[in-house]
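A.B. asks: Next comes the structure file upload_34.txt, holding compact mmCIF, C-alpha atoms.
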# COMPACT_ATOMS: atom_id res chain seq x y z
CA MET A 162 2.34 29.97 0.83
CA ARG A 163 2.11 26.41 2.10
CA ASN A 164 0.93 25.59 5.57
CA PHE A 165 3.80 24.19 7.67
CA SER A 166 1.99 20.92 8.41
CA PRO A 167 3.23 18.23 6.01
CA VAL A 168 0.83 16.69 3.52
CA ALA A 169 0.36 12.97 2.84
CA ILE A 170 -1.67 11.02 0.30
CA VAL A 171 -2.74 7.50 1.22
CA THR A 172 -4.32 5.28 -1.42
CA GLY A 173 -6.56 2.42 -0.38
CA ALA A 174 -7.28 4.43 2.77
CA GLY A 175 -10.82 3.19 3.37
CA ARG A 176 -9.93 0.26 5.62
CA GLY A 177 -7.23 -2.16 6.73
CA ILE A 178 -3.62 -1.10 6.32
CA GLY A 179 -4.49 2.14 4.54
CA ARG A 180 -6.71 3.30 7.37
CA ALA A 181 -4.07 2.45 9.98
CA VAL A 182 -1.42 4.32 7.99
CA ALA A 183 -3.62 7.39 7.62
CA VAL A 184 -4.35 7.48 11.35
CA ARG A 185 -0.64 7.02 12.15
CA LEU A 186 0.40 9.85 9.86
CA SER A 187 -2.26 12.13 11.32
CA LYS A 188 -0.92 11.43 14.81
CA GLU A 189 2.43 12.70 13.60
CA GLY A 190 0.85 15.96 12.43
CA HIS A 191 0.34 15.22 8.74
CA ARG A 192 -2.69 16.45 6.93
CA VAL A 193 -3.94 13.39 5.08
CA ALA A 194 -5.64 13.06 1.70
CA LEU A 195 -7.58 9.82 1.61
CA THR A 196 -8.57 7.94 -1.50
CA SER A 197 -10.29 4.65 -2.32
CA ARG A 198 -13.43 3.68 -4.18
CA SER A 199 -15.72 3.86 -1.14
CA ALA A 200 -16.65 7.33 0.07
CA ALA A 201 -18.37 5.90 3.17
CA GLU A 202 -15.24 4.01 4.24
CA LEU A 203 -13.10 7.08 3.63
CA GLU A 204 -15.37 9.18 5.82
CA GLU A 205 -14.94 6.63 8.61
CA THR A 206 -11.17 6.82 8.24
CA ALA A 207 -11.30 10.61 8.25
CA ALA A 208 -13.28 10.54 11.50
CA ARG A 209 -10.43 8.61 13.14
CA CYS A 210 -7.74 11.05 12.03
CA SER A 211 -6.64 13.81 14.38
CA THR A 212 -5.68 16.35 11.71
CA GLU A 213 -7.26 17.92 8.64
CA THR A 214 -8.26 15.45 5.93
CA LEU A 215 -9.42 15.43 2.34
CA VAL A 216 -11.78 12.67 1.22
CA LEU A 217 -11.26 11.98 -2.48
CA PRO A 218 -13.10 8.87 -3.70
CA ALA A 219 -11.62 7.45 -6.91
CA ASP A 220 -10.81 4.30 -8.80
CA ILE A 221 -7.02 4.45 -8.67
CA THR A 222 -6.77 2.20 -11.75
CA ASP A 223 -8.32 4.93 -13.91
CA PRO A 224 -5.46 6.25 -16.07
CA LYS A 225 -6.33 9.83 -15.07
CA ALA A 226 -6.88 9.14 -11.36
CA ALA A 227 -3.36 9.95 -10.16
CA ASP A 228 -3.28 13.31 -11.94
CA ARG A 229 -6.71 14.25 -10.59
CA LEU A 230 -5.82 13.16 -7.08
CA PHE A 231 -2.58 15.12 -6.91
CA ALA A 232 -4.14 18.17 -8.56
CA ALA A 233 -6.91 18.22 -5.94
CA VAL A 234 -4.44 17.98 -3.07
CA GLU A 235 -2.11 20.59 -4.56
CA ASP A 236 -5.05 22.94 -5.08
CA ALA A 237 -6.16 22.53 -1.47
CA TRP A 238 -2.84 22.32 0.36
CA GLY A 239 -0.08 23.33 -2.03
CA GLY A 240 1.89 20.14 -2.43
CA VAL A 241 2.49 16.55 -1.36
CA ASP A 242 5.30 15.57 1.02
CA VAL A 243 4.43 11.91 1.53
CA LEU A 244 2.87 9.34 -0.79
CA VAL A 245 1.80 5.99 0.62
CA ALA A 246 0.71 3.81 -2.30
CA ASN A 247 -1.26 1.18 -0.43
CA ALA A 248 -4.20 0.28 -2.67
CA GLY A 249 -4.01 -3.31 -3.80
CA ALA A 250 -5.76 -6.64 -4.05
CA GLY A 251 -5.01 -10.30 -4.63
CA THR A 252 -6.29 -13.15 -6.73
CA SER A 253 -5.69 -16.87 -6.52
CA ALA A 254 -5.70 -19.59 -9.19
CA PRO A 255 -3.36 -22.24 -10.59
CA ILE A 256 -1.17 -20.74 -13.27
CA THR A 257 -2.94 -22.77 -15.96
CA ALA A 258 -6.30 -21.40 -14.81
CA THR A 259 -5.23 -17.77 -14.34
CA THR A 260 -7.19 -15.73 -16.86
CA ASP A 261 -6.01 -12.75 -18.85
CA GLU A 262 -8.55 -10.69 -16.89
CA GLN A 263 -7.09 -11.75 -13.53
CA TRP A 264 -3.58 -11.10 -14.78
CA GLN A 265 -4.43 -7.64 -16.09
CA ARG A 266 -6.34 -6.66 -12.95
CA MET A 267 -3.33 -7.46 -10.76
CA LEU A 268 -0.99 -5.46 -12.98
CA ASP A 269 -3.40 -2.51 -13.22
CA LEU A 270 -3.99 -2.22 -9.48
CA ASN A 271 -0.76 -3.43 -7.88
CA LEU A 272 1.80 -2.19 -10.40
CA THR A 273 0.56 0.39 -12.88
CA ALA A 274 -1.52 2.46 -10.42
CA PRO A 275 1.28 2.94 -7.87
CA PHE A 276 3.73 3.63 -10.71
CA ARG A 277 1.49 6.43 -11.95
CA CYS A 278 1.23 7.87 -8.43
CA ILE A 279 5.01 7.76 -8.00
CA ARG A 280 5.52 9.39 -11.39
CA ARG A 281 3.11 12.18 -10.45
CA ALA A 282 4.60 12.70 -6.97
CA VAL A 283 8.25 12.98 -7.94
CA PRO A 284 8.47 16.38 -9.70
CA GLY A 285 7.04 18.38 -6.80
CA MET A 286 9.07 16.50 -4.22
CA VAL A 287 12.31 16.98 -6.18
CA GLU A 288 11.56 20.66 -6.66
CA ARG A 289 11.16 21.09 -2.87
CA GLY A 290 14.17 18.90 -2.12
CA HIS A 291 12.25 16.57 0.16
CA GLY A 292 9.77 13.73 -0.18
CA ARG A 293 8.86 10.31 1.07
CA ILE A 294 7.33 7.60 -1.11
CA VAL A 295 6.29 4.32 0.47
CA VAL A 296 4.64 1.47 -1.42
CA VAL A 297 2.83 -1.24 0.53
CA ALA A 298 3.97 -4.29 -1.40
CA SER A 299 4.08 -7.83 0.02
CA VAL A 300 6.51 -10.61 0.85
CA ALA A 301 5.21 -11.91 -2.48
CA ALA A 302 7.49 -9.25 -3.95
CA LYS A 303 10.42 -11.38 -2.79
CA ARG A 304 9.37 -15.01 -3.19
CA GLY A 305 6.97 -17.17 -5.14
CA GLU A 306 4.09 -19.15 -3.68
CA PRO A 307 1.72 -21.53 -5.45
CA TYR A 308 -1.51 -20.24 -6.99
CA ILE A 309 -0.75 -16.51 -6.87
CA SER A 310 1.35 -16.01 -10.01
CA ALA A 311 -0.43 -12.83 -11.16
CA TYR A 312 -0.33 -11.25 -7.71
CA THR A 313 3.32 -12.23 -7.24
CA ALA A 314 4.31 -10.83 -10.63
CA SER A 315 2.66 -7.50 -9.84
CA LYS A 316 4.37 -7.26 -6.45
CA HIS A 317 7.78 -8.23 -7.82
CA GLY A 318 7.24 -5.53 -10.44
CA ILE A 319 6.42 -2.73 -8.02
CA LEU A 320 9.42 -3.58 -5.85
CA GLY A 321 11.52 -3.17 -8.98
CA VAL A 322 9.98 0.25 -9.58
CA VAL A 323 10.75 1.23 -5.96
CA ARG A 324 14.39 0.17 -6.22
CA SER A 325 14.92 1.89 -9.57
CA ALA A 326 13.24 5.11 -8.44
CA ALA A 327 15.26 5.14 -5.21
CA ALA A 328 18.51 4.85 -7.15
CA GLU A 329 17.44 7.59 -9.53
CA LEU A 330 16.39 9.98 -6.76
CA ALA A 331 19.05 9.20 -4.15
CA LYS A 332 20.64 12.67 -4.23
CA THR A 333 17.42 14.67 -4.41
CA GLY A 334 16.13 14.38 -0.84
CA VAL A 335 13.36 12.02 -1.96
CA THR A 336 13.34 8.48 -0.56
CA VAL A 337 11.45 5.55 -2.06
CA ASN A 338 10.81 2.37 -0.10
CA ALA A 339 8.46 -0.59 0.06
CA VAL A 340 6.96 -2.27 3.08
CA CYS A 341 6.46 -5.99 2.48
CA PRO A 342 3.90 -7.55 4.83
CA GLY A 343 3.10 -11.20 5.18
CA TYR A 344 -0.48 -12.19 6.01
CA VAL A 345 -2.10 -9.25 7.80
CA ASP A 346 -5.33 -9.28 9.79
CA THR A 347 -7.37 -7.33 7.22
CA PRO A 348 -10.50 -7.69 5.10
CA MET A 349 -8.23 -8.84 2.25
CA THR A 350 -7.05 -11.77 4.36
CA GLU A 351 -10.64 -12.55 5.31
CA ARG A 352 -11.36 -12.90 1.59
CA THR A 353 -8.39 -15.25 1.33
CA VAL A 354 -9.82 -17.30 4.19
CA ALA A 355 -13.18 -17.47 2.43
CA ASP A 356 -11.47 -18.55 -0.79
CA ILE A 357 -9.61 -21.33 1.02
CA CYS A 358 -12.86 -22.53 2.60
CA GLU A 359 -14.63 -22.59 -0.76
CA LYS A 360 -11.86 -24.48 -2.53
CA THR A 361 -10.83 -26.92 0.22
CA GLY A 362 -13.86 -27.39 2.45
CA ARG A 363 -11.96 -26.21 5.53
CA THR A 364 -13.70 -24.20 8.22
CA PRO A 365 -12.82 -20.49 8.55
CA GLN A 366 -10.94 -21.27 11.74
CA GLN A 367 -8.91 -23.99 10.01
CA ALA A 368 -8.16 -21.72 7.06
CA ARG A 369 -7.06 -18.87 9.32
CA LYS A 370 -4.82 -21.22 11.31
CA ALA A 371 -3.20 -22.36 8.07
CA LEU A 372 -2.32 -18.77 7.19
CA GLU A 373 -1.02 -18.09 10.68
CA ALA A 374 1.18 -21.19 10.43
CA LYS A 375 2.87 -19.81 7.32
CA GLN A 376 4.55 -17.19 9.51
CA PRO A 377 7.27 -18.28 11.94
CA ASN A 378 5.78 -16.29 14.81
CA GLY A 379 2.51 -18.19 14.36
CA ARG A 380 0.14 -15.26 13.99
CA LEU A 381 -1.14 -12.69 11.56
CA VAL A 382 0.53 -9.30 11.37
CA THR A 383 -1.55 -6.39 12.69
CA VAL A 384 -2.34 -3.32 10.62
CA ASP A 385 -0.67 -1.14 13.25
CA GLU A 386 2.57 -3.10 12.85
CA VAL A 387 2.54 -2.38 9.14
CA ALA A 388 1.72 1.29 9.79
CA GLU A 389 4.72 1.55 12.09
CA ALA A 390 6.98 0.22 9.34
CA VAL A 391 5.53 2.81 6.95
CA TRP A 392 6.17 5.54 9.50
CA PHE A 393 9.77 4.36 9.86
CA CYS A 394 10.24 4.90 6.13
CA VAL A 395 8.69 8.36 6.38
CA ALA A 396 10.73 9.42 9.41
CA ASN A 397 14.16 8.14 8.35
CA GLY A 398 15.78 9.98 5.48
CA ALA A 399 18.76 7.61 5.27
CA VAL A 400 16.61 4.61 4.31
CA THR A 401 15.80 4.31 0.62
CA GLY A 402 15.50 1.56 -1.96
CA GLN A 403 14.47 -0.96 0.66
CA GLY A 404 11.78 -3.61 0.85
CA ILE A 405 11.15 -3.90 4.59
CA ASN A 406 9.65 -7.24 5.60
CA VAL A 407 6.87 -7.28 8.18
CA ASP A 408 6.04 -10.96 8.20
CA GLY A 409 6.97 -12.53 11.51
CA GLY A 410 10.33 -13.71 10.17
CA GLY A 411 9.19 -15.61 7.10
CA VAL A 412 11.57 -13.94 4.66
CA GLN A 413 14.99 -13.08 6.04
CA SER A 414 17.00 -10.47 4.15
Can the structure in the file be given as structure tokens, please?
C.D. replies:
Amino acid sequence: MRNFSPVAIVTGAGRGIGRAVAVRLSKEGHRVALTSRSAAELEETAARCSTETLVLPADITDPKAADRLFAAVEDAWGGVDVLVANAGAGTSAPITATTDEQWQRMLDLNLTAPFRCIRRAVPGMVERGHGRIVVVASVAAKRGEPYISAYTASKHGILGVVRSAAAELAKTGVTVNAVCPGYVDTPMTERTVADICEKTGRTPQQARKALEAKQPNGRLVTVDEVAEAVWFCVANGAVTGQGINVDGGGVQS
């Protein structure tokens, strides 16, 4: 028999948005299974959670990773109520200089991996008549920007998966949504800052200011603001098929 406390899986849970989401879910009483490539980072996340956790290091792009992850959680806790597919990364290059390797890496991590996790999560959720799937996408899922064609394609793709899955599952008790952040104050954005500095000769402060200026509210989004949007999708059963922007007003929809 399953423990009453709901169970969540968070991918990319070692730092940044994934860590904030895991902590937020734990505050709401969810037991949280944490996965990313770094066991040390996962242990730090687990230490910040207020409920029971599972630390399951894995490369989520491995074709067998989703099955292994869900099997481990089901074996320990009996099922998965919430999936937050957060793991992701970016790459930047002019379209003429974007390599096949860059292209494939973006698709593998930002599109195929969350698709596999969704595919694995759905049967158990449908059987129980309840489930919440949230993908952390990006405002790049809704608009194009220069120099990030591979990243943008992967994010547009996963938003399409979210919308299609939501339509398919609308009467089952399972909701599927995406949260679409702008530039968030995370290690990923720090890498973007470093890339801008390398390519343009700007200082880190100048590069950061340039990213802040892209958002109408003039600042980076916080990880806690993204985590709150994720929690909204988990808590509200009438919201499904949505891509919720968390970007300071940059994309209005």
A.B. asks: Please compute the atom CA of Lys188 of chain A-atom CA of Ala302 of chain A distance, one decimal, in Å.
C.D. replies: 29.2 Å
A.B. asks: Counting only C-alpha atoms, which residue out of A:Pro284, A:Gly404, A:Gly292, A:Pro255 sits closest to Leu320 of chain A?
C.D. replies: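 Comparing A:Pro284, A:Gly404, A:Gly292, A:Pro255 against Leu320 of chain A, the winner is A:Gly404.
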A.B. asks: Can you build me a table of segment 228-319 of chain A residues sitting at most 9 Å from segment 329-348 of chain A, with the closest atom pair per residue and its distance in Å to one decimal, using all atoms listed in the file, sorted by chain and residue number, as JSON lines?
C.D. replies:
{"residue": "A:Val283", "atom": "CA", "partner": "A:Val335", "partner_atom": "CA", "distance": 7.9}
{"residue": "A:Met286", "atom": "CA", "partner": "A:Val335", "partner_atom": "CA", "distance": 6.6}
{"residue": "A:Val287", "atom": "CA", "partner": "A:Thr333", "partner_atom": "CA", "distance": 5.9}
{"residue": "A:Glu288", "atom": "CA", "partner": "A:Thr333", "partner_atom": "CA", "distance": 8.7}
{"residue": "A:Arg289", "atom": "CA", "partner": "A:Gly334", "partner_atom": "CA", "distance": 8.6}
{"residue": "A:Gly290", "atom": "CA", "partner": "A:Gly334", "partner_atom": "CA", "distance": 5.1}
{"residue": "A:His291", "atom": "CA", "partner": "A:Gly334", "partner_atom": "CA", "distance": 4.6}
{"residue": "A:Gly292", "atom": "CA", "partner": "A:Val335", "partner_atom": "CA", "distance": 4.4}
{"residue": "A:Arg293", "atom": "CA", "partner": "A:Thr336", "partner_atom": "CA", "distance": 5.1}
{"residue": "A:Ile294", "atom": "CA", "partner": "A:Val337", "partner_atom": "CA", "distance": 4.7}
{"residue": "A:Val295", "atom": "CA", "partner": "A:Asn338", "partner_atom": "CA", "distance": 5.0}
{"residue": "A:Val296", "atom": "CA", "partner": "A:Ala339", "partner_atom": "CA", "distance": 4.6}
{"residue": "A:Val297", "atom": "CA", "partner": "A:Val340", "partner_atom": "CA", "distance": 5.0}
{"residue": "A:Ala298", "atom": "CA", "partner": "A:Cys341", "partner_atom": "CA", "distance": 4.9}
{"residue": "A:Ser299", "atom": "CA", "partner": "A:Cys341", "partner_atom": "CA", "distance": 3.9}
{"residue": "A:Val300", "atom": "CA", "partner": "A:Cys341", "partner_atom": "CA", "distance": 4.9}
{"residue": "A:Ala301", "atom": "CA", "partner": "A:Cys341", "partner_atom": "CA", "distance": 7.8}
{"residue": "A:Ala302", "atom": "CA", "partner": "A:Cys341", "partner_atom": "CA", "distance": 7.3}
{"residue": "A:Lys303", "atom": "CA", "partner": "A:Cys341", "partner_atom": "CA", "distance": 8.5}
{"residue": "A:Ile319", "atom": "CA", "partner": "A:Ala339", "partner_atom": "CA", "distance": 8.6}
A.B. asks: Compare A:Val234, A:Leu270, A:Ile357, A:Val400 by their minimum atom-to-atom distance to Ala169 of chain A, counting all atoms listed in the file, and give me the closest one.
C.D. replies: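 Nearest candidate to Ala169 of chain A out of A:Val234, A:Leu270, A:Ile357, A:Val400: A:Val234.
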A.B. asks: The residues within 10 Å of (-4.2, -9.7, -14.5), using all atoms listed in the file and the coordinates of the file, should be reported as a list in words; which are they?
C.D. replies: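 I get Gly251, Thr252, Thr259, Thr260, Asp261, Glu262, Gln263, Trp264, Gln265, Arg266, Met267, Leu268, Asp269, Leu270, Asn271, Ser310, Ala311, Tyr312, Ala314 and Ser315 of chain A for the residues within 10 Å of that point.
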A.B. asks: When you count all atoms listed in the file, which of these residues is closest to Gly240 of chain A: A:Arg192, A:Arg280, A:Arg209, A:Arg198?
C.D. replies: A:Arg192
A.B. asks: Residues within 8 Å of Ala368 of chain A, please, as a ChimeraX atom specification. Count only C-alpha atoms; anything in the same chain fewer than 4 positions from it doesn't count.
C.D. replies: /A:354,357-358,363-364,372
A.B. asks: For a quick check of understanding, using only C-alpha atoms, which of A:Gln403, A:Gln413, A:Thr361, A:Ser211 has the smallest distance to Val322 of chain A?
C.D. replies: A:Gln403
A.B. asks: List as a PDB file with C-alpha atoms, keeping the file's coordinate frame the protein and nucleic acid residues near Thr172 of chain A, meaning an atom at most 10 Å away when only C-alpha atoms are counted, but skip any in the same chain fewer than 2 places from it.
C.D. replies:
ATOM      1  CA  ALA A 169       0.360  12.970   2.840  1.00  0.00           C
ATOM      2  CA  ILE A 170      -1.670  11.020   0.300  1.00  0.00           C
ATOM      3  CA  ALA A 174      -7.280   4.430   2.770  1.00  0.00           C
ATOM      4  CA  GLY A 175     -10.820   3.190   3.370  1.00  0.00           C
ATOM      5  CA  GLY A 179      -4.490   2.140   4.540  1.00  0.00           C
ATOM      6  CA  ARG A 180      -6.710   3.300   7.370  1.00  0.00           C
ATOM      7  CA  VAL A 182      -1.420   4.320   7.990  1.00  0.00           C
ATOM      8  CA  ALA A 183      -3.620   7.390   7.620  1.00  0.00           C
ATOM      9  CA  ALA A 194      -5.640  13.060   1.700  1.00  0.00           C
ATOM     10  CA  LEU A 195      -7.580   9.820   1.610  1.00  0.00           C
ATOM     11  CA  THR A 196      -8.570   7.940  -1.500  1.00  0.00           C
ATOM     12  CA  SER A 197     -10.290   4.650  -2.320  1.00  0.00           C
ATOM     13  CA  ARG A 198     -13.430   3.680  -4.180  1.00  0.00           C
ATOM     14  CA  LEU A 217     -11.260  11.980  -2.480  1.00  0.00           C
ATOM     15  CA  PRO A 218     -13.100   8.870  -3.700  1.00  0.00           C
ATOM     16  CA  ALA A 219     -11.620   7.450  -6.910  1.00  0.00           C
ATOM     17  CA  ASP A 220     -10.810   4.300  -8.800  1.00  0.00           C
ATOM     18  CA  ILE A 221      -7.020   4.450  -8.670  1.00  0.00           C
ATOM     19  CA  ALA A 227      -3.360   9.950 -10.160  1.00  0.00           C
ATOM     20  CA  LEU A 230      -5.820  13.160  -7.080  1.00  0.00           C
ATOM     21  CA  LEU A 244       2.870   9.340  -0.790  1.00  0.00           C
ATOM     22  CA  VAL A 245       1.800   5.990   0.620  1.00  0.00           C
ATOM     23  CA  ALA A 246       0.710   3.810  -2.300  1.00  0.00           C
ATOM     24  CA  ASN A 247      -1.260   1.180  -0.430  1.00  0.00           C
ATOM     25  CA  ALA A 248      -4.200   0.280  -2.670  1.00  0.00           C
ATOM     26  CA  GLY A 249      -4.010  -3.310  -3.800  1.00  0.00           C
ATOM     27  CA  ALA A 274      -1.520   2.460 -10.420  1.00  0.00           C
ATOM     28  CA  PRO A 275       1.280   2.940  -7.870  1.00  0.00           C
ATOM     29  CA  CYS A 278       1.230   7.870  -8.430  1.00  0.00           C
ATOM     30  CA  VAL A 296       4.640   1.470  -1.420  1.00  0.00           C
ATOM     31  CA  VAL A 297       2.830  -1.240   0.530  1.00  0.00           C
TER      32      VAL A 297
END
A.B. asks: Contacts of Glu373 of chain A at 12 Å or less, counting all atoms listed in the file, minus same-chain residues fewer than 3 places along, as a PyMOL selection string?
C.D. replies: chain A and resi 343-346+350+354+366-370+376-383+408-409+411
A.B. asks: Next, dump the selected residues to file, keeping only C-alpha atoms, as a tab-separated table (two decimals), in the coordinates of the input.
C.D. replies:
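Saved file selection.tsv follows:
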chain	number	residue	atom	x	y	z
A	343	GLY	CA	3.10	-11.20	5.18
A	344	TYR	CA	-0.48	-12.19	6.01
A	345	VAL	CA	-2.10	-9.25	7.80
A	346	ASP	CA	-5.33	-9.28	9.79
A	350	THR	CA	-7.05	-11.77	4.36
A	354	VAL	CA	-9.82	-17.30	4.19
A	366	GLN	CA	-10.94	-21.27	11.74
A	367	GLN	CA	-8.91	-23.99	10.01
A	368	ALA	CA	-8.16	-21.72	7.06
A	369	ARG	CA	-7.06	-18.87	9.32
A	370	LYS	CA	-4.82	-21.22	11.31
A	376	GLN	CA	4.55	-17.19	9.51
A	377	PRO	CA	7.27	-18.28	11.94
A	378	ASN	CA	5.78	-16.29	14.81
A	379	GLY	CA	2.51	-18.19	14.36
A	380	ARG	CA	0.14	-15.26	13.99
A	381	LEU	CA	-1.14	-12.69	11.56
A	382	VAL	CA	0.53	-9.30	11.37
A	383	THR	CA	-1.55	-6.39	12.69
A	408	ASP	CA	6.04	-10.96	8.20
A	409	GLY	CA	6.97	-12.53	11.51
A	411	GLY	CA	9.19	-15.61	7.10
